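Below: the structure, in structure tokens.
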Amino acid sequence: MFKINLNNKTALIFGFSNHRSIAWHTANKLHKSGAKIIFSVYGAKMKENLLKLVSEWNYNPMIIECDVSNDNDISKLYADLNNDNQKIDMLVHSIAMADKNELGGDYLSLSRNGFKFAMDISAYSFVSLCNGARKIMNEQGSIITFTFQASEKVFPGYNVMGTAKAALEHEVRQIAYTLGESKIRVNAVSAGPVDTLSSRVIQGYKKMKNAASEKSPLKRNITLDEVANSALFLLSDMSSGITGEILHVDSGYNIMGI
Ligand SMILES: NC(=O)c1ccc[n+]([C@@H]2O[C@H](COP(=O)([O-])OP(=O)(O)OC[C@H]3O[C@@H](n4cnc5c(N)ncnc54)[C@H](O)[C@@H]3O)[C@@H](O)[C@H]2O)c1
């Protein structure tokens with residue numbers, strides 16, 4: 001099998017929470033391809049989880065705590081990396097959050113605070129992390145985020161997160177345009193439903209999973225490994241001609257009408 005070589009490349013990865021996280025599977029793929037990984041995690045508990053997993057690696061990756069709703073945390077993270085002369089080649093944004101009560105029920109009951117919170121963490125954070133990253137990213141760099149098809153179609157239960165994903169996908173195109181002159185690419189993986197800490201709290205998640213496996217052309221759900229493989233492709237030079245793209249990794253579910 002063809003092996004992607006990421007020796008001498010560095011990836012900054014946001015969004016690890018446990019061994020099921022898409023961020024973890026992506027990090028592991030990049031690590032196995034030779035990249036150096038810098039993690040940013042949200043809170044001490046996540047750091048503890050991560051330390052156990054990376055103990056099997058042949059080096060201790062840098063782990064920086066950062067709450068993406070806090071501008072000071074983001075500024076400090078990038079200032080510290082800059083002061084250390086730490087350049088990056090890849091940025092992985094694998095972050096989403098909404099109030100559990102807003103993920104289900106009547107969409108019109110969405111509160112102003114619930115809307116702001118979901119948009120802040122799940123969509124605005126991509127803008128602020130990309131803005132910080134451009135100051136320390138090498139040319140030919142690559143940035144990715146993760147989205148879901150509820151940005152385009154109605155998935156009852158996904159509610160405000162669908163609104164946030166629509167914003168996130170627009171950001172991908174807008175930032176791809178903005179960073180194009182710096183030779184930095186920006187893309188998203190639109191993954192089908194896959195079991196993680198975040199997906200399980202969405203009302204109707206099981207239904208979404210069943211629908212995907214019954215109705216998709218491939219008649220099965222996707223795996224975390226497949227999501228990470230696609231992330232690896234978009235982060236590597238294998239996808240050098242692709243930017244501003246939303247790549248569906250969903251067993252083809254998105255092409256179906258009836
Ligand atoms: N699991 C799925 O079915 C699926 C499908 C399509 C897209 N996605 C997207 O993939 C991405 C990763 O989700 P996941 O499924 O791996 O779940 P996850 O729970 O493992 O990851 C979500 C991450 O967001 C982080 N986060 C939340 N609030 C934060 C904050 N204030 N500051 C910093 N980090 C914060 C959490 O710490 C967590 O690590 C999300 O954007 C999600 O919407 C997931």
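Chain labels follow the order of the structure tokens: the first chain is A, the next B, and so on; residue numbering restarts at 1 in every chain, and ligands are counted from 1 in their shown order.
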>> Around ligand 1, which protein and nucleic acid residues have at least one atom no more than 6 Å from it, if we count only C-alpha atoms and all ligand atoms? List them as a list in words.
In response: Gly15, Phe16, Ser17, Ser21, Ile22, Ala23, Tyr42, Cys66, Asp67, Val68, Ser69, Ser94, Ile95, Ala96, Met97, Ile121, Phe146, Thr147, Phe148, Ser190, Ala191, Gly192, Pro193, Val194, Asp195, Thr196, Leu197, Ser198 and Ser199 of chain A
> Can you list, as JSON, numbers by chain, every residue of stretch 10-246 of chain A that DSSP puts in alpha helix (DSSP H)?
Replying inline: {"A": [22, 23, 24, 25, 26, 27, 28, 29, 30, 31, 32, 44, 45, 46, 47, 48, 49, 50, 51, 52, 53, 54, 71, 72, 73, 74, 75, 76, 77, 78, 79, 80, 81, 82, 83, 112, 113, 114, 115, 116, 117, 118, 119, 125, 126, 127, 128, 129, 130, 131, 132, 133, 159, 160, 161, 162, 163, 164, 165, 166, 167, 168, 169, 170, 171, 172, 173, 174, 175, 176, 177, 178, 179, 180, 205, 206, 207, 208, 209, 210, 211, 212, 213, 214, 215, 224, 225, 226, 227, 228, 229, 230, 231, 232, 233, 234, 235]}
Could you dump the residues just selected with C-alpha atoms as a CSV table (one decimal), in the first residue's frame?
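The result, stored in out-v5.csv:
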chain,number,residue,atom,x,y,z
A,22,ILE,CA,-11.9,11.8,15.5
A,23,ALA,CA,-8.9,14.1,16.5
A,24,TRP,CA,-7.2,11.1,18.2
A,25,HIS,CA,-7.6,8.8,15.1
A,26,THR,CA,-6.3,11.6,12.9
A,27,ALA,CA,-3.4,12.3,15.2
A,28,ASN,CA,-2.5,8.6,15.3
A,29,LYS,CA,-2.5,8.4,11.4
A,30,LEU,CA,-0.3,11.6,11.1
A,31,HIS,CA,2.0,10.2,13.8
A,32,LYS,CA,2.4,6.9,12.0
A,44,ALA,CA,-7.0,18.7,32.7
A,45,LYS,CA,-9.2,15.6,32.4
A,46,MET,CA,-8.6,15.5,28.6
A,47,LYS,CA,-4.9,15.9,29.2
A,48,GLU,CA,-4.9,13.0,31.6
A,49,ASN,CA,-6.7,10.8,29.0
A,50,LEU,CA,-4.3,11.8,26.3
A,51,LEU,CA,-1.1,11.2,28.3
A,52,LYS,CA,-2.2,7.5,28.8
A,53,LEU,CA,-2.6,7.1,25.0
A,54,VAL,CA,0.6,8.8,23.9
A,71,ASP,CA,-9.5,34.7,23.2
A,72,ASN,CA,-6.6,35.0,25.8
A,73,ASP,CA,-6.1,31.2,25.7
A,74,ILE,CA,-5.9,31.2,21.9
A,75,SER,CA,-3.6,34.3,21.8
A,76,LYS,CA,-1.3,32.7,24.4
A,77,LEU,CA,-1.1,29.4,22.7
A,78,TYR,CA,0.0,30.9,19.4
A,79,ALA,CA,2.3,33.5,21.1
A,80,ASP,CA,4.1,30.7,23.0
A,81,LEU,CA,4.5,28.6,19.8
A,82,ASN,CA,5.8,31.7,18.0
A,83,ASN,CA,8.2,32.6,20.8
A,112,ARG,CA,-30.4,33.1,22.0
A,113,ASN,CA,-27.7,31.9,24.4
A,114,GLY,CA,-27.9,28.4,23.0
A,115,PHE,CA,-27.5,29.7,19.5
A,116,LYS,CA,-24.5,31.9,20.5
A,117,PHE,CA,-22.8,29.1,22.4
A,118,ALA,CA,-23.1,26.5,19.6
A,119,MET,CA,-21.9,29.1,17.0
A,125,SER,CA,-13.5,28.9,16.8
A,126,PHE,CA,-12.4,27.8,13.3
A,127,VAL,CA,-11.9,31.5,12.3
A,128,SER,CA,-9.9,32.4,15.4
A,129,LEU,CA,-7.7,29.2,15.2
A,130,CYS,CA,-7.0,29.7,11.5
A,131,ASN,CA,-6.1,33.4,12.2
A,132,GLY,CA,-3.6,32.4,14.8
A,133,ALA,CA,-2.2,29.5,12.7
A,159,ASN,CA,-30.9,21.4,15.3
A,160,VAL,CA,-28.6,24.3,16.1
A,161,MET,CA,-25.5,22.2,15.3
A,162,GLY,CA,-26.7,22.0,11.7
A,163,THR,CA,-26.8,25.8,11.7
A,164,ALA,CA,-23.3,25.9,13.1
A,165,LYS,CA,-22.1,23.4,10.5
A,166,ALA,CA,-23.6,25.5,7.7
A,167,ALA,CA,-21.6,28.4,9.0
A,168,LEU,CA,-18.5,26.3,9.4
A,169,GLU,CA,-18.7,25.1,5.8
A,170,HIS,CA,-19.0,28.7,4.6
A,171,GLU,CA,-15.9,29.6,6.6
A,172,VAL,CA,-14.0,26.8,4.9
A,173,ARG,CA,-14.6,28.5,1.5
A,174,GLN,CA,-14.0,32.0,2.8
A,175,ILE,CA,-10.7,31.0,4.6
A,176,ALA,CA,-9.6,28.9,1.7
A,177,TYR,CA,-9.9,32.1,-0.4
A,178,THR,CA,-8.2,34.3,2.2
A,179,LEU,CA,-5.2,31.9,2.8
A,180,GLY,CA,-4.8,30.9,-0.8
A,205,TYR,CA,-28.4,9.7,16.6
A,206,LYS,CA,-29.2,6.0,16.4
A,207,LYS,CA,-31.8,6.7,13.7
A,208,MET,CA,-29.3,8.7,11.7
A,209,LYS,CA,-26.8,5.8,12.0
A,210,ASN,CA,-29.4,3.3,10.9
A,211,ALA,CA,-30.6,5.4,8.0
A,212,ALA,CA,-27.0,5.8,6.8
A,213,SER,CA,-26.4,2.1,6.9
A,214,GLU,CA,-29.7,1.2,5.2
A,215,LYS,CA,-29.9,3.9,2.6
A,224,LEU,CA,-13.2,6.3,12.5
A,225,ASP,CA,-10.3,4.9,10.5
A,226,GLU,CA,-11.9,5.9,7.2
A,227,VAL,CA,-12.5,9.5,8.5
A,228,ALA,CA,-8.9,9.7,9.7
A,229,ASN,CA,-7.6,8.3,6.3
A,230,SER,CA,-9.5,11.1,4.5
A,231,ALA,CA,-8.1,13.7,6.9
A,232,LEU,CA,-4.6,12.4,6.2
A,233,PHE,CA,-5.2,12.7,2.5
A,234,LEU,CA,-6.5,16.3,2.8
A,235,LEU,CA,-3.6,17.2,5.1
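Here atom CA of A:Lys87 stands at a distance of 11.6 Å from atom CA of A:Ile37.
Distances from A:Asn18, A:Ser40, A:Asn187, A:Ser33 to A:Met62 were compared using only C-alpha atoms, and the smallest one belongs to A:Ser40.
Between atom CA of A:Ile144 and atom CA of A:Ile242 there is a distance of 11.6 Å.
Between atom CA of A:Gln149 and atom CA of A:Ser109 lies a distance of 22.0 Å.
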> When distances are computed from only C-alpha atoms, which of A:Asp99, A:Glu56, A:Asp84, A:Asp89 shows the smallest separation from A:Ala35?
Replying inline: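 Nearest to A:Ala35: A:Asp89.
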>> I need the residues of stretch 96-252 of chain A that end up classed as strand (DSSP E) by DSSP on the backbone, written out as a PyMOL selection string.
In response: chain A and resi 137-147+185-191+246-249
Residues of the last selection are to be written out with N, CA and C atoms, as a PDB file, in the first residue's frame.
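As written to disk, selection37.pdb reads:
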ATOM      1  N   MET A 137       2.317  29.198  10.235  1.00  0.00           N
ATOM      2  CA  MET A 137       2.196  28.071   9.294  1.00  0.00           C
ATOM      3  C   MET A 137       3.113  28.245   8.097  1.00  0.00           C
ATOM      4  N   ASN A 138       3.802  27.173   7.741  1.00  0.00           N
ATOM      5  CA  ASN A 138       4.664  27.186   6.561  1.00  0.00           C
ATOM      6  C   ASN A 138       3.824  27.234   5.288  1.00  0.00           C
ATOM      7  N   GLU A 139       4.442  27.712   4.198  1.00  0.00           N
ATOM      8  CA  GLU A 139       3.774  27.640   2.889  1.00  0.00           C
ATOM      9  C   GLU A 139       3.493  26.184   2.561  1.00  0.00           C
ATOM     10  N   GLN A 140       2.501  25.940   1.754  1.00  0.00           N
ATOM     11  CA  GLN A 140       2.026  24.577   1.418  1.00  0.00           C
ATOM     12  C   GLN A 140       1.346  23.928   2.614  1.00  0.00           C
ATOM     13  N   GLY A 141       0.990  24.739   3.621  1.00  0.00           N
ATOM     14  CA  GLY A 141       0.301  24.192   4.794  1.00  0.00           C
ATOM     15  C   GLY A 141      -1.112  23.746   4.444  1.00  0.00           C
ATOM     16  N   SER A 142      -1.686  22.959   5.346  1.00  0.00           N
ATOM     17  CA  SER A 142      -3.036  22.458   5.104  1.00  0.00           C
ATOM     18  C   SER A 142      -3.838  22.481   6.404  1.00  0.00           C
ATOM     19  N   ILE A 143      -5.087  22.920   6.280  1.00  0.00           N
ATOM     20  CA  ILE A 143      -5.971  23.055   7.444  1.00  0.00           C
ATOM     21  C   ILE A 143      -7.226  22.237   7.170  1.00  0.00           C
ATOM     22  N   ILE A 144      -7.697  21.511   8.178  1.00  0.00           N
ATOM     23  CA  ILE A 144      -8.983  20.814   7.992  1.00  0.00           C
ATOM     24  C   ILE A 144      -9.884  20.991   9.224  1.00  0.00           C
ATOM     25  N   THR A 145     -11.173  20.825   8.959  1.00  0.00           N
ATOM     26  CA  THR A 145     -12.158  20.768  10.030  1.00  0.00           C
ATOM     27  C   THR A 145     -13.132  19.631   9.711  1.00  0.00           C
ATOM     28  N   PHE A 146     -14.047  19.358  10.630  1.00  0.00           N
ATOM     29  CA  PHE A 146     -14.998  18.254  10.433  1.00  0.00           C
ATOM     30  C   PHE A 146     -16.420  18.779  10.513  1.00  0.00           C
ATOM     31  N   THR A 147     -17.224  18.373   9.531  1.00  0.00           N
ATOM     32  CA  THR A 147     -18.596  18.844   9.477  1.00  0.00           C
ATOM     33  C   THR A 147     -19.548  17.661   9.316  1.00  0.00           C
ATOM     34  N   ARG A 185      -3.921  25.599   2.174  1.00  0.00           N
ATOM     35  CA  ARG A 185      -5.193  25.014   1.746  1.00  0.00           C
ATOM     36  C   ARG A 185      -6.112  24.783   2.954  1.00  0.00           C
ATOM     37  N   VAL A 186      -7.421  24.866   2.696  1.00  0.00           N
ATOM     38  CA  VAL A 186      -8.404  24.721   3.781  1.00  0.00           C
ATOM     39  C   VAL A 186      -9.556  23.855   3.280  1.00  0.00           C
ATOM     40  N   ASN A 187      -9.828  22.761   3.976  1.00  0.00           N
ATOM     41  CA  ASN A 187     -10.872  21.830   3.540  1.00  0.00           C
ATOM     42  C   ASN A 187     -11.609  21.259   4.747  1.00  0.00           C
ATOM     43  N   ALA A 188     -12.719  20.562   4.453  1.00  0.00           N
ATOM     44  CA  ALA A 188     -13.462  19.899   5.530  1.00  0.00           C
ATOM     45  C   ALA A 188     -13.800  18.472   5.129  1.00  0.00           C
ATOM     46  N   VAL A 189     -13.846  17.613   6.122  1.00  0.00           N
ATOM     47  CA  VAL A 189     -14.371  16.261   5.938  1.00  0.00           C
ATOM     48  C   VAL A 189     -15.796  16.276   6.497  1.00  0.00           C
ATOM     49  N   SER A 190     -16.766  15.903   5.657  1.00  0.00           N
ATOM     50  CA  SER A 190     -18.139  15.772   6.133  1.00  0.00           C
ATOM     51  C   SER A 190     -18.371  14.287   6.411  1.00  0.00           C
ATOM     52  N   ALA A 191     -18.272  13.942   7.687  1.00  0.00           N
ATOM     53  CA  ALA A 191     -18.308  12.522   8.069  1.00  0.00           C
ATOM     54  C   ALA A 191     -19.731  12.055   8.331  1.00  0.00           C
ATOM     55  N   ILE A 246     -15.585  20.405   0.557  1.00  0.00           N
ATOM     56  CA  ILE A 246     -16.238  19.644   1.623  1.00  0.00           C
ATOM     57  C   ILE A 246     -16.282  18.202   1.128  1.00  0.00           C
ATOM     58  N   LEU A 247     -15.446  17.368   1.684  1.00  0.00           N
ATOM     59  CA  LEU A 247     -15.318  15.980   1.210  1.00  0.00           C
ATOM     60  C   LEU A 247     -16.221  15.060   2.043  1.00  0.00           C
ATOM     61  N   HIS A 248     -17.233  14.489   1.397  1.00  0.00           N
ATOM     62  CA  HIS A 248     -18.157  13.612   2.123  1.00  0.00           C
ATOM     63  C   HIS A 248     -17.542  12.229   2.318  1.00  0.00           C
ATOM     64  N   VAL A 249     -17.492  11.801   3.556  1.00  0.00           N
ATOM     65  CA  VAL A 249     -16.993  10.456   3.879  1.00  0.00           C
ATOM     66  C   VAL A 249     -18.144   9.794   4.636  1.00  0.00           C
TER      67      VAL A 249
END
